[in-house]
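Below: structure-v9.cif (mmCIF, C-alpha atoms)
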```cif
data_model
#
loop_
_atom_site.group_PDB
_atom_site.id
_atom_site.type_symbol
_atom_site.label_atom_id
_atom_site.label_comp_id
_atom_site.auth_asym_id
_atom_site.auth_seq_id
_atom_site.Cartn_x
_atom_site.Cartn_y
_atom_site.Cartn_z
ATOM 1 C CA MET A 983 15.905 6.446 23.664
ATOM 2 C CA LYS A 984 16.082 9.293 26.179
ATOM 3 C CA PHE A 985 13.839 12.383 26.305
ATOM 4 C CA LEU A 986 15.880 15.568 26.821
ATOM 5 C CA GLY A 987 13.060 18.123 26.897
ATOM 6 C CA ILE A 988 11.207 20.607 24.704
ATOM 7 C CA GLU A 989 13.176 23.558 23.338
ATOM 8 C CA ASP A 990 12.801 26.474 20.913
ATOM 9 C CA ILE A 991 15.642 25.681 18.529
ATOM 10 C CA PRO A 992 17.128 28.097 15.947
ATOM 11 C CA VAL A 993 16.084 27.066 12.434
ATOM 12 C CA GLU A 994 19.678 26.929 11.199
ATOM 13 C CA LEU A 995 20.487 24.164 13.712
ATOM 14 C CA ILE A 996 17.697 21.871 12.462
ATOM 15 C CA LYS A 997 18.281 19.478 9.557
ATOM 16 C CA PRO A 998 15.685 17.373 7.708
ATOM 17 C CA SER A 999 15.923 13.607 7.932
ATOM 18 C CA PRO A 1000 18.199 11.991 5.319
ATOM 19 C CA PHE A 1001 15.558 9.263 4.986
ATOM 20 C CA ASN A 1002 12.215 10.753 4.013
ATOM 21 C CA PRO A 1003 9.550 8.203 3.083
ATOM 22 C CA ARG A 1004 7.858 10.567 0.654
ATOM 23 C CA MET A 1005 9.487 9.888 -2.701
ATOM 24 C CA MET A 1006 7.739 12.841 -4.290
ATOM 25 C CA GLY A 1007 9.366 15.142 -1.774
ATOM 26 C CA LEU A 1008 7.951 17.980 0.269
ATOM 27 C CA THR A 1009 7.947 21.545 -1.048
ATOM 28 C CA PRO A 1010 6.492 24.894 0.104
ATOM 29 C CA GLU A 1011 4.233 24.745 -2.974
ATOM 30 C CA GLU A 1012 2.129 21.865 -1.685
ATOM 31 C CA PRO A 1013 -1.377 23.138 -0.809
ATOM 32 C CA SER A 1014 -1.442 21.107 2.422
ATOM 33 C CA ILE A 1015 1.803 22.727 3.618
ATOM 34 C CA LYS A 1016 0.528 26.198 2.715
ATOM 35 C CA GLN A 1017 -2.593 25.440 4.760
ATOM 36 C CA LEU A 1018 -0.438 24.253 7.647
ATOM 37 C CA ALA A 1019 1.606 27.477 7.490
ATOM 38 C CA GLY A 1020 -1.609 29.511 7.655
ATOM 39 C CA SER A 1021 -2.765 27.530 10.666
ATOM 40 C CA ILE A 1022 0.572 28.018 12.480
ATOM 41 C CA GLN A 1023 0.557 31.729 11.668
ATOM 42 C CA ARG A 1024 -2.955 32.039 13.087
ATOM 43 C CA ASP A 1025 -2.715 29.790 16.148
ATOM 44 C CA SER A 1026 1.087 29.464 16.647
ATOM 45 C CA GLN A 1027 2.913 26.116 16.642
ATOM 46 C CA LEU A 1028 0.737 23.843 18.772
ATOM 47 C CA ASN A 1029 2.691 20.597 18.314
ATOM 48 C CA PRO A 1030 6.494 20.394 18.576
ATOM 49 C CA ILE A 1031 8.428 18.521 15.928
ATOM 50 C CA ILE A 1032 10.408 15.472 17.104
ATOM 51 C CA THR A 1033 14.185 15.693 16.782
ATOM 52 C CA ARG A 1034 17.252 13.803 17.877
ATOM 53 C CA LYS A 1035 20.318 15.618 19.149
ATOM 54 C CA MET A 1036 23.351 15.018 16.931
ATOM 55 C CA LYS A 1037 27.003 16.040 16.958
ATOM 56 C CA ALA A 1038 29.436 16.382 14.047
ATOM 57 C CA ASN A 1039 32.902 17.926 14.256
ATOM 58 C CA SER A 1040 32.114 19.193 17.765
ATOM 59 C CA GLU A 1041 29.065 21.059 16.425
ATOM 60 C CA VAL A 1042 25.597 20.218 17.754
ATOM 61 C CA TYR A 1043 22.583 20.048 15.422
ATOM 62 C CA TYR A 1044 19.090 18.544 15.543
ATOM 63 C CA GLU A 1045 17.860 16.002 13.009
ATOM 64 C CA ILE A 1046 14.118 15.863 12.311
ATOM 65 C CA VAL A 1047 12.606 12.502 13.180
ATOM 66 C CA ASP A 1048 8.986 13.559 12.651
ATOM 67 C CA GLY A 1049 7.662 16.928 11.549
ATOM 68 C CA ASP A 1050 9.104 17.658 8.085
ATOM 69 C CA ARG A 1051 5.893 19.391 6.968
ATOM 70 C CA ARG A 1052 5.859 21.672 10.021
ATOM 71 C CA TYR A 1053 9.554 22.434 9.472
ATOM 72 C CA ILE A 1054 8.944 23.526 5.859
ATOM 73 C CA ALA A 1055 5.891 25.583 6.846
ATOM 74 C CA ILE A 1056 7.793 27.390 9.628
ATOM 75 C CA ALA A 1057 11.266 27.705 8.097
ATOM 76 C CA GLU A 1058 10.527 28.165 4.390
ATOM 77 C CA ILE A 1059 7.095 29.806 4.273
ATOM 78 C CA LEU A 1060 6.735 31.747 7.531
ATOM 79 C CA LYS A 1061 10.499 32.389 7.828
ATOM 80 C CA LEU A 1062 10.405 32.148 11.626
ATOM 81 C CA LYS A 1063 13.713 32.061 13.496
ATOM 82 C CA THR A 1064 12.966 29.208 15.913
ATOM 83 C CA ILE A 1065 10.973 25.981 15.932
ATOM 84 C CA ARG A 1066 9.598 24.269 19.027
ATOM 85 C CA ALA A 1067 10.987 20.744 19.202
ATOM 86 C CA ALA A 1068 10.901 17.700 21.452
ATOM 87 C CA VAL A 1069 14.531 16.623 21.736
ATOM 88 C CA TYR A 1070 15.655 13.013 22.228
ATOM 89 C CA GLU A 1071 18.793 10.966 22.294
ATOM 90 C CA MET A 1072 18.223 8.138 19.784
ATOM 91 C CA ASN A 1073 20.341 5.685 17.899
ATOM 92 C CA GLU A 1074 19.777 5.136 14.174
ATOM 93 C CA MET A 1075 17.383 2.216 14.596
ATOM 94 C CA GLU A 1076 15.310 4.011 17.243
ATOM 95 C CA ALA A 1077 15.010 7.075 15.012
ATOM 96 C CA PHE A 1078 14.021 4.945 12.026
ATOM 97 C CA ARG A 1079 11.346 3.123 14.039
ATOM 98 C CA VAL A 1080 9.794 6.415 15.242
ATOM 99 C CA ARG A 1081 9.812 7.803 11.667
ATOM 100 C CA PHE A 1082 8.338 4.572 10.388
ATOM 101 C CA VAL A 1083 5.445 4.337 12.848
ATOM 102 C CA SER A 1084 4.591 8.051 12.710
ATOM 103 C CA ASN A 1085 4.682 8.273 8.901
ATOM 104 C CA ILE A 1086 3.217 4.939 7.801
ATOM 105 C CA VAL A 1087 -0.223 5.676 9.288
ATOM 106 C CA LYS A 1088 -0.576 9.009 7.471
ATOM 107 C CA GLU A 1089 -3.236 8.928 4.767
ATOM 108 C CA GLU A 1090 -1.319 11.176 2.368
ATOM 109 C CA LEU A 1091 1.512 8.654 2.141
ATOM 110 C CA HIS A 1092 1.186 6.737 -1.134
ATOM 111 C CA PRO A 1093 0.922 2.908 -0.857
ATOM 112 C CA ILE A 1094 4.079 2.666 -2.978
ATOM 113 C CA GLU A 1095 5.893 4.980 -0.579
ATOM 114 C CA LYS A 1096 4.667 2.835 2.311
ATOM 115 C CA GLY A 1097 6.133 -0.133 0.431
ATOM 116 C CA SER A 1098 9.513 1.586 0.249
ATOM 117 C CA TYR A 1099 9.431 2.306 3.971
ATOM 118 C CA CYS A 1100 8.311 -1.235 4.895
ATOM 119 C CA LYS A 1101 10.996 -2.775 2.708
ATOM 120 C CA GLU A 1102 13.669 -0.585 4.292
ATOM 121 C CA TYR A 1103 12.436 -1.539 7.777
ATOM 122 C CA PHE A 1104 12.468 -5.222 6.781
ATOM 123 C CA LYS A 1105 16.089 -4.831 5.605
ATOM 124 C CA ARG A 1106 17.117 -3.250 8.897
ATOM 125 C CA LEU A 1107 15.396 -5.907 10.994
ATOM 126 C CA ALA A 1108 17.003 -8.629 8.852
ATOM 127 C CA LYS A 1109 20.409 -6.977 9.328
ATOM 128 C CA GLU A 1110 19.948 -7.187 13.095
ATOM 129 C CA GLU A 1111 19.820 -10.967 12.591
ATOM 130 C CA ASN A 1112 22.941 -10.843 10.371
ATOM 131 C CA LEU A 1113 20.875 -11.668 7.284
ATOM 132 C CA SER A 1114 20.644 -9.965 3.913
ATOM 133 C CA TYR A 1115 17.259 -8.834 2.659
ATOM 134 C CA GLU A 1116 17.152 -11.698 0.130
ATOM 135 C CA GLU A 1117 18.086 -14.326 2.742
ATOM 136 C CA ALA A 1118 15.385 -13.151 5.140
ATOM 137 C CA TRP A 1119 12.723 -12.700 2.445
ATOM 138 C CA ASN A 1120 13.300 -16.163 0.949
ATOM 139 C CA ASN A 1121 13.174 -17.903 4.343
ATOM 140 C CA LYS A 1122 9.464 -18.411 5.112
ATOM 141 C CA GLY A 1123 9.936 -18.584 8.878
ATOM 142 C CA VAL A 1124 12.142 -15.488 9.123
ATOM 143 C CA LYS A 1125 9.988 -13.582 6.636
ATOM 144 C CA PHE A 1126 6.824 -14.301 8.592
ATOM 145 C CA ARG A 1127 8.438 -13.332 11.908
ATOM 146 C CA ILE A 1128 9.788 -9.994 10.637
ATOM 147 C CA LEU A 1129 6.589 -9.112 8.782
ATOM 148 C CA SER A 1130 4.585 -9.978 11.896
ATOM 149 C CA GLN A 1131 6.687 -7.552 13.932
ATOM 150 C CA ILE A 1132 6.176 -4.782 11.374
ATOM 151 C CA ALA A 1133 2.445 -5.523 11.151
ATOM 152 C CA GLN A 1134 2.056 -5.382 14.919
ATOM 153 C CA GLU A 1135 3.816 -2.021 15.142
ATOM 154 C CA ILE A 1136 1.583 -0.301 12.588
ATOM 155 C CA GLY A 1137 -1.667 -2.227 13.048
ATOM 156 C CA VAL A 1138 -2.174 -3.661 9.544
ATOM 157 C CA GLY A 1139 -2.169 -7.198 8.166
ATOM 158 C CA ILE A 1140 0.885 -8.959 6.745
ATOM 159 C CA SER A 1141 -0.809 -9.214 3.336
ATOM 160 C CA THR A 1142 -1.217 -5.413 3.296
ATOM 161 C CA ILE A 1143 2.504 -4.949 3.917
ATOM 162 C CA THR A 1144 3.531 -7.474 1.250
ATOM 163 C CA GLY A 1145 1.120 -5.725 -1.132
ATOM 164 C CA TRP A 1146 2.786 -2.356 -0.472
ATOM 165 C CA ILE A 1147 6.237 -3.862 -0.991
ATOM 166 C CA ALA A 1148 5.081 -5.549 -4.210
ATOM 167 C CA LEU A 1149 3.916 -2.164 -5.529
ATOM 168 C CA TRP A 1150 7.259 -0.553 -4.654
ATOM 169 C CA ASP A 1151 9.198 -3.372 -6.339
ATOM 170 C CA ALA A 1152 7.007 -3.382 -9.468
ATOM 171 C CA TYR A 1153 6.430 0.264 -10.331
ATOM 172 C CA PRO A 1154 9.062 2.919 -11.063
ATOM 173 C CA ILE A 1155 8.352 6.513 -10.086
ATOM 174 C CA GLU A 1156 7.074 7.472 -13.576
ATOM 175 C CA ALA A 1157 4.353 4.803 -13.305
ATOM 176 C CA GLN A 1158 3.209 5.879 -9.837
ATOM 177 C CA LYS A 1159 1.190 8.751 -11.309
ATOM 178 C CA PHE A 1160 -1.358 6.176 -12.527
ATOM 179 C CA ILE A 1161 -2.071 4.886 -8.997
ATOM 180 C CA ALA A 1162 -4.541 6.793 -6.807
ATOM 181 C CA ARG A 1163 -3.523 7.782 -3.298
ATOM 182 C CA ASN A 1164 -7.000 8.911 -2.183
ATOM 183 C CA LYS A 1165 -10.700 8.885 -3.117
ATOM 184 C CA GLU A 1166 -10.414 12.137 -5.052
ATOM 185 C CA GLU A 1167 -7.781 10.646 -7.370
ATOM 186 C CA LEU A 1168 -9.948 7.535 -7.772
ATOM 187 C CA ARG A 1169 -12.818 9.777 -8.871
ATOM 188 C CA ARG A 1170 -10.490 11.355 -11.427
ATOM 189 C CA GLY A 1171 -9.988 7.944 -13.008
ATOM 190 C CA LEU A 1172 -6.654 6.792 -11.607
ATOM 191 C CA GLY A 1173 -6.222 3.120 -10.723
ATOM 192 C CA SER A 1174 -6.589 1.807 -7.198
ATOM 193 C CA PRO A 1175 -3.665 0.108 -5.388
ATOM 194 C CA THR A 1176 -5.630 -3.166 -5.669
ATOM 195 C CA LEU A 1177 -5.831 -2.733 -9.446
ATOM 196 C CA ALA A 1178 -2.075 -2.087 -9.548
ATOM 197 C CA GLN A 1179 -1.417 -5.264 -7.550
ATOM 198 C CA ASN A 1180 -3.609 -7.356 -9.872
ATOM 199 C CA CYS A 1181 -1.796 -5.862 -12.877
ATOM 200 C CA ILE A 1182 1.480 -7.214 -11.448
ATOM 201 C CA ARG A 1183 0.102 -10.760 -11.563
ATOM 202 C CA LEU A 1184 -1.172 -10.355 -15.136
ATOM 203 C CA ALA A 1185 2.094 -8.746 -16.260
ATOM 204 C CA LYS A 1186 4.073 -11.632 -14.780
ATOM 205 C CA MET A 1187 1.996 -14.115 -16.762
ATOM 206 C CA LEU A 1188 2.361 -12.066 -19.971
ATOM 207 C CA LYS A 1189 6.071 -11.469 -19.276
ATOM 208 C CA ILE A 1190 5.769 -7.713 -19.776
ATOM 209 C CA GLU A 1191 6.344 -4.734 -17.462
ATOM 210 C CA PRO A 1192 3.580 -4.130 -14.865
ATOM 211 C CA GLN A 1193 3.421 -0.413 -15.696
ATOM 212 C CA GLU A 1194 2.396 -1.273 -19.271
ATOM 213 C CA VAL A 1195 -0.527 -3.337 -17.989
ATOM 214 C CA LEU A 1196 -1.483 -0.647 -15.484
ATOM 215 C CA LYS A 1197 -1.407 2.141 -18.103
ATOM 216 C CA GLN A 1198 -3.745 0.191 -20.375
ATOM 217 C CA ALA A 1199 -5.992 -0.787 -17.467
ATOM 218 C CA VAL A 1200 -6.420 2.872 -16.483
ATOM 219 C CA LYS A 1201 -6.801 4.010 -20.114
ATOM 220 C CA ASN A 1202 -9.531 1.419 -20.827
ATOM 221 C CA SER A 1203 -11.187 1.622 -17.378
ATOM 222 C CA PHE A 1204 -10.540 -2.048 -16.661
ATOM 223 C CA SER A 1205 -11.652 -2.824 -13.113
ATOM 224 C CA SER A 1206 -9.548 -4.642 -10.558
ATOM 225 C CA THR A 1207 -12.018 -7.549 -10.556
ATOM 226 C CA LEU A 1208 -11.925 -7.752 -14.355
ATOM 227 C CA ILE A 1209 -8.120 -8.023 -14.344
ATOM 228 C CA GLU A 1210 -8.267 -10.629 -11.566
ATOM 229 C CA MET A 1211 -10.942 -12.729 -13.310
ATOM 230 C CA ALA A 1212 -9.237 -12.546 -16.716
ATOM 231 C CA THR A 1213 -5.895 -13.541 -15.191
ATOM 232 C CA TYR A 1214 -7.517 -16.472 -13.411
ATOM 233 C CA ASP A 1215 -9.174 -17.676 -16.640
ATOM 234 C CA ALA A 1216 -5.921 -17.259 -18.586
ATOM 235 C CA GLU A 1217 -3.943 -19.205 -15.976
ATOM 236 C CA ASN A 1218 -6.496 -22.010 -16.202
ATOM 237 C CA GLY A 1219 -6.518 -22.163 -20.012
ATOM 238 C CA LYS A 1220 -9.971 -20.627 -20.460
ATOM 239 C CA LEU A 1221 -8.715 -17.383 -21.986
ATOM 240 C CA LEU A 1222 -5.803 -16.996 -24.385
ATOM 241 C CA LEU A 1223 -3.823 -13.856 -23.581
ATOM 242 C CA THR A 1224 -0.575 -12.820 -25.263
ATOM 243 C CA PRO A 1225 1.540 -9.659 -25.083
ATOM 244 C CA LYS A 1226 -0.018 -8.595 -28.408
ATOM 245 C CA ASN A 1227 -3.692 -9.429 -27.924
ATOM 246 C CA TRP A 1228 -4.347 -9.033 -24.213
ATOM 247 C CA VAL A 1229 -5.864 -5.521 -24.413
ATOM 248 C CA GLN A 1230 -8.376 -6.497 -27.103
ATOM 249 C CA GLU A 1231 -9.157 -9.765 -25.340
ATOM 250 C CA LEU A 1232 -9.851 -7.942 -22.078
ATOM 251 C CA LYS A 1233 -12.143 -5.513 -23.897
ATOM 252 C CA ARG A 1234 -14.070 -8.485 -25.266
ATOM 253 C CA PHE A 1235 -13.991 -10.180 -21.859
ATOM 254 C CA ASN A 1236 -15.296 -6.966 -20.301
ATOM 255 C CA GLU A 1237 -18.254 -6.883 -22.678
ATOM 256 C CA GLU A 1238 -19.220 -10.398 -21.610
ATOM 257 C CA TYR A 1239 -18.729 -9.600 -17.933
ATOM 258 C CA SER A 1240 -21.775 -8.267 -16.082
ATOM 259 C CA ARG A 1241 -22.798 -7.771 -12.489
ATOM 260 C CA ARG A 1242 -25.973 -8.798 -10.793
ATOM 261 C CA GLY A 1243 -27.598 -6.929 -7.889
ATOM 262 C CA SER A 1244 -26.869 -7.708 -4.248
ATOM 263 C CA VAL A 1245 -27.183 -11.397 -3.326
ATOM 264 C CA ARG A 1246 -27.990 -12.703 0.169
ATOM 265 C CA LEU A 1247 -25.745 -15.552 1.292
ATOM 266 C CA LYS A 1248 -26.134 -17.982 4.168
ATOM 267 C CA ARG A 1249 -23.741 -16.918 6.945
ATOM 268 C CA THR A 1250 -21.969 -20.295 7.187
ATOM 269 C CA LEU A 1251 -21.448 -20.366 3.410
ATOM 270 C CA LEU A 1252 -20.126 -16.793 3.458
ATOM 271 C CA GLU A 1253 -17.615 -17.654 6.187
ATOM 272 C CA GLU A 1254 -16.381 -20.670 4.176
ATOM 273 C CA LEU A 1255 -15.980 -18.490 1.077
ATOM 274 C CA LYS A 1256 -14.070 -15.875 3.110
ATOM 275 C CA THR A 1257 -11.695 -18.600 4.322
ATOM 276 C CA ILE A 1258 -11.076 -19.783 0.745
ATOM 277 C CA ALA A 1259 -10.525 -16.193 -0.423
ATOM 278 C CA SER A 1260 -8.104 -15.438 2.413
ATOM 279 C CA LYS A 1261 -6.137 -18.656 1.949
ATOM 280 C CA ASN A 1262 -5.723 -18.018 -1.790
ATOM 281 C CA LYS A 1263 -5.256 -14.244 -1.407
ATOM 282 C CA ILE A 1264 -8.195 -13.552 -3.742
ATOM 283 C CA ARG A 1265 -11.002 -11.051 -3.200
ATOM 284 C CA LEU A 1266 -14.263 -12.514 -1.877
ATOM 285 C CA GLU A 1267 -16.245 -11.080 -4.810
ATOM 286 C CA ALA A 1268 -13.904 -12.829 -7.255
ATOM 287 C CA ILE A 1269 -14.395 -16.173 -5.441
ATOM 288 C CA ILE A 1270 -18.184 -15.814 -5.724
ATOM 289 C CA GLU A 1271 -17.948 -14.925 -9.424
ATOM 290 C CA MET A 1272 -15.637 -17.872 -10.043
ATOM 291 C CA GLY A 1273 -18.174 -20.136 -8.338
ATOM 292 C CA LEU A 1274 -20.918 -18.872 -10.627
ATOM 293 C CA ALA A 1275 -18.690 -19.282 -13.670
ATOM 294 C CA PHE A 1276 -17.824 -22.839 -12.581
ATOM 295 C CA ALA A 1277 -21.507 -23.685 -12.166
ATOM 296 C CA LEU A 1278 -22.369 -22.375 -15.638
ATOM 297 C CA ASN A 1279 -19.462 -24.224 -17.226
ATOM 298 C CA HIS A 1280 -20.616 -27.492 -15.617
ATOM 299 C CA LYS A 1281 -24.363 -27.190 -16.129
ATOM 300 C CA ARG A 1282 -25.180 -30.879 -15.894
ATOM 301 C CA GLU A 1283 -23.368 -31.329 -12.562
ATOM 302 C CA PHE A 1284 -24.825 -28.031 -11.302
ATOM 303 C CA GLN A 1285 -28.405 -29.066 -12.153
ATOM 304 C CA LYS A 1286 -27.824 -32.385 -10.391
ATOM 305 C CA PHE A 1287 -26.495 -30.529 -7.333
ATOM 306 C CA ILE A 1288 -29.531 -28.201 -7.300
ATOM 307 C CA LEU A 1289 -31.940 -31.148 -7.447
ATOM 308 C CA GLN A 1290 -30.082 -32.778 -4.565
ATOM 309 C CA GLN A 1291 -30.319 -29.574 -2.506
ATOM 310 C CA ILE A 1292 -34.037 -29.214 -3.284
ATOM 311 C CA GLY A 1293 -34.558 -32.822 -2.155
ATOM 312 C CA LYS A 1294 -32.747 -32.129 1.114
ATOM 313 C CA SER A 1295 -34.828 -29.003 1.660
ATOM 314 C CA GLU A 1296 -38.089 -30.902 1.116
ATOM 315 C CA GLU A 1297 -37.017 -33.645 3.492
ATOM 316 C CA SER A 1298 -36.273 -31.156 6.242
#
```
Spit out the file's structure as structure tokens when you get a sec.
Amino acid sequence: MKFLGIEDIPVELIKPSPFNPRMMGLTPEEPSIKQLAGSIQRDSQLNPIITRKMKANSEVYYEIVDGDRRYIAIAEILKLKTIRAAVYEMNEMEAFRVRFVSNIVKEELHPIEKGSYCKEYFKRLAKEENLSYEEAWNNKGVKFRILSQIAQEIGVGISTITGWIALWDAYPIEAQKFIARNKEELRRGLGSPTLAQNCIRLAKMLKIEPQEVLKQAVKNSFSSTLIEMATYDAENGKLLLTPKNWVQELKRFNEEYSRRGSVRLKRTLLEELKTIASKNKIRLEAIIEMGLAFALNHKREFQKFILQQIGKSEES
């Protein structure tokens, strides 16, 4: 990658990236882009877009690597004739990596869209090793190595990346409207990405489409923890769920499910529970609730354990 300088480039010579991570697209009608246009009109363009210099049929043009929103604000709303751009020479993989890192950290990018981007990056890194996506994904060593590289570049955990990819693989675009991308959408009643991920697990067990589970979860205000706990009980034979009865059974399960106030835990015990939760990819709260449920389902053994602990406490 070679930096060629900063230039004021005619709008007609600039082309948007053919790979835009935002599935919903960018339009001049988006409030955030209108706000950006107002800011640029007031203060001028403070930050150049990033482009790579391209050539086709002896004609030079500039492909946007980062800065699609600024391009739309300047070219389509403000109708300015030039855009300030940082110009680079980049190959395809270098351009993709810059787009990936610059876009993946943006809060307005939906987790599903991040999943699409991460999956595409995984494919490209696998191709560099002469492997197909399926070959790399199904090889634990290769999968871990590639995911570790991606995780290091964007500063998130491997489990976060696999969660994003799982969302992208599970939910078509028409189902994405049920998944919140920010706190405001959560307040409006949409499901969280964690809820959507837990719905995938339940749907797999029921052998139905994840979007059907998610729609009902949002409609009936089923929490992520409720879905996780019900799935766990169903997998362990404590709750009978079928494609026909699962909604009613979860409503009943929800009525029985209640929360207690905050509980203080010994630090060493908390650390052990965190390790168990991490190893099994289950939320810490769910592990604690499962422990309580286990204790209540084995009252005799639990009472014996309590008496033993009381005896130890008295001895000390």
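Evaluated on this file, the PyMOL selection byres ((chain A and resi 1051) around 10) matches Leu1008, Thr1009, Pro1010, Glu1012, Ser1014, Ile1015, Lys1016, Leu1018, Ala1019, Ile1031, Asp1048, Gly1049, Asp1050, Arg1052, Tyr1053, Ile1054, Ala1055, Ile1056 and Ala1057 of chain A.
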*asked:* Here's a test: counting only C-alpha atoms, identify every protein, DNA and RNA residue with an atom at most 10 Å from (9.5, 16.0, 16.4) in the file's coordinate frame, and state them as a PyMOL selection string.
replied: chain A and resi 988+1029-1034+1044-1050+1052-1053+1066-1070+1080-1081
*asked:* Please expand the PyMOL selection byres ((chain A and resi 1173) around 12) into the concrete residues it hits in this file, giving the result as a PyMOL selection string.
replied: chain A and resi 1157-1172+1174-1181+1193+1195-1206+1209
*Long-range neighbours of Tyr1043 (chain A) as a PyMOL selection string, 10 Å cut-off, all atoms listed in the file, 6 positions minimum in chain*: chain A and resi 991-992+994-997+1033-1037
*asked:* Here is a test: counting all atoms listed in the file, which residue of A:Gln1023, A:Ser1098, A:Gln1131, A:Thr1224 is nearest to Gly1145 (chain A)?
replied: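 Among the listed residues, the smallest separation from Gly1145 (chain A) belongs to A:Ser1098.
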_Spatial neighbours of Leu1266 (chain A), 8 Å, only C-alpha atoms, chain gap at least 3 places, as an NGL selection string_ = :A and (1255-1256 or 1259 or 1269-1270)
*Mind giving me the straight-line distance from CA of Tyr1115 (chain A) to CA of Ile1128 (chain A) in Å, one decimal?*
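CA of Ile1128 (chain A) lies at a distance of 11.0 Å from CA of Tyr1115 (chain A).
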*Quick one, how far is CA of Val1042 (chain A) from CA of Ile1065 (chain A)?*
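The value is 15.8 Å.
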_As an exercise, work out the distance from CA of Arg1183 (chain A) to CA of Glu1117 (chain A) in Å and give it to one decimal place._
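If I compute the distance from CA of Arg1183 (chain A) to CA of Glu1117 (chain A), I get 23.3 Å.
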Generate the missing atoms of region 1046-1060 of chain A up to N, CA and C atoms and report them as a PDB file, in the coordinates of the input.
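Generated output (result21.pdb):
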```pdb
ATOM      1  N   ILE A1046      15.566  16.070  12.213  1.00  0.00           N
ATOM      2  CA  ILE A1046      14.118  15.863  12.311  1.00  0.00           C
ATOM      3  C   ILE A1046      13.800  14.370  12.209  1.00  0.00           C
ATOM      4  N   VAL A1047      13.082  13.882  13.201  1.00  0.00           N
ATOM      5  CA  VAL A1047      12.606  12.502  13.180  1.00  0.00           C
ATOM      6  C   VAL A1047      11.157  12.466  12.690  1.00  0.00           C
ATOM      7  N   ASP A1048      10.364  13.424  13.135  1.00  0.00           N
ATOM      8  CA  ASP A1048       8.986  13.559  12.651  1.00  0.00           C
ATOM      9  C   ASP A1048       8.598  15.028  12.707  1.00  0.00           C
ATOM     10  N   GLY A1049       8.076  15.527  11.583  1.00  0.00           N
ATOM     11  CA  GLY A1049       7.662  16.928  11.549  1.00  0.00           C
ATOM     12  C   GLY A1049       8.227  17.691  10.366  1.00  0.00           C
ATOM     13  N   ASP A1050       8.538  16.988   9.271  1.00  0.00           N
ATOM     14  CA  ASP A1050       9.104  17.658   8.085  1.00  0.00           C
ATOM     15  C   ASP A1050       8.170  18.725   7.530  1.00  0.00           C
ATOM     16  N   ARG A1051       6.854  18.435   7.516  1.00  0.00           N
ATOM     17  CA  ARG A1051       5.893  19.391   6.968  1.00  0.00           C
ATOM     18  C   ARG A1051       5.841  20.665   7.819  1.00  0.00           C
ATOM     19  N   ARG A1052       5.862  20.497   9.143  1.00  0.00           N
ATOM     20  CA  ARG A1052       5.859  21.672  10.021  1.00  0.00           C
ATOM     21  C   ARG A1052       7.152  22.466   9.857  1.00  0.00           C
ATOM     22  N   TYR A1053       8.271  21.755   9.671  1.00  0.00           N
ATOM     23  CA  TYR A1053       9.554  22.434   9.472  1.00  0.00           C
ATOM     24  C   TYR A1053       9.509  23.307   8.220  1.00  0.00           C
ATOM     25  N   ILE A1054       9.007  22.760   7.108  1.00  0.00           N
ATOM     26  CA  ILE A1054       8.944  23.526   5.859  1.00  0.00           C
ATOM     27  C   ILE A1054       7.998  24.718   6.002  1.00  0.00           C
ATOM     28  N   ALA A1055       6.850  24.492   6.650  1.00  0.00           N
ATOM     29  CA  ALA A1055       5.891  25.583   6.846  1.00  0.00           C
ATOM     30  C   ALA A1055       6.502  26.722   7.658  1.00  0.00           C
ATOM     31  N   ILE A1056       7.234  26.374   8.726  1.00  0.00           N
ATOM     32  CA  ILE A1056       7.793  27.390   9.628  1.00  0.00           C
ATOM     33  C   ILE A1056       9.054  28.028   9.049  1.00  0.00           C
ATOM     34  N   ALA A1057       9.959  27.192   8.542  1.00  0.00           N
ATOM     35  CA  ALA A1057      11.266  27.705   8.097  1.00  0.00           C
ATOM     36  C   ALA A1057      11.228  28.324   6.713  1.00  0.00           C
ATOM     37  N   GLU A1058      10.463  27.720   5.786  1.00  0.00           N
ATOM     38  CA  GLU A1058      10.527  28.165   4.390  1.00  0.00           C
ATOM     39  C   GLU A1058       9.371  29.061   3.968  1.00  0.00           C
ATOM     40  N   ILE A1059       8.225  28.948   4.638  1.00  0.00           N
ATOM     41  CA  ILE A1059       7.095  29.806   4.273  1.00  0.00           C
ATOM     42  C   ILE A1059       6.968  30.982   5.237  1.00  0.00           C
ATOM     43  N   LEU A1060       6.911  30.685   6.540  1.00  0.00           N
ATOM     44  CA  LEU A1060       6.735  31.747   7.531  1.00  0.00           C
ATOM     45  C   LEU A1060       8.046  32.454   7.881  1.00  0.00           C
TER      46      LEU A1060
END
```
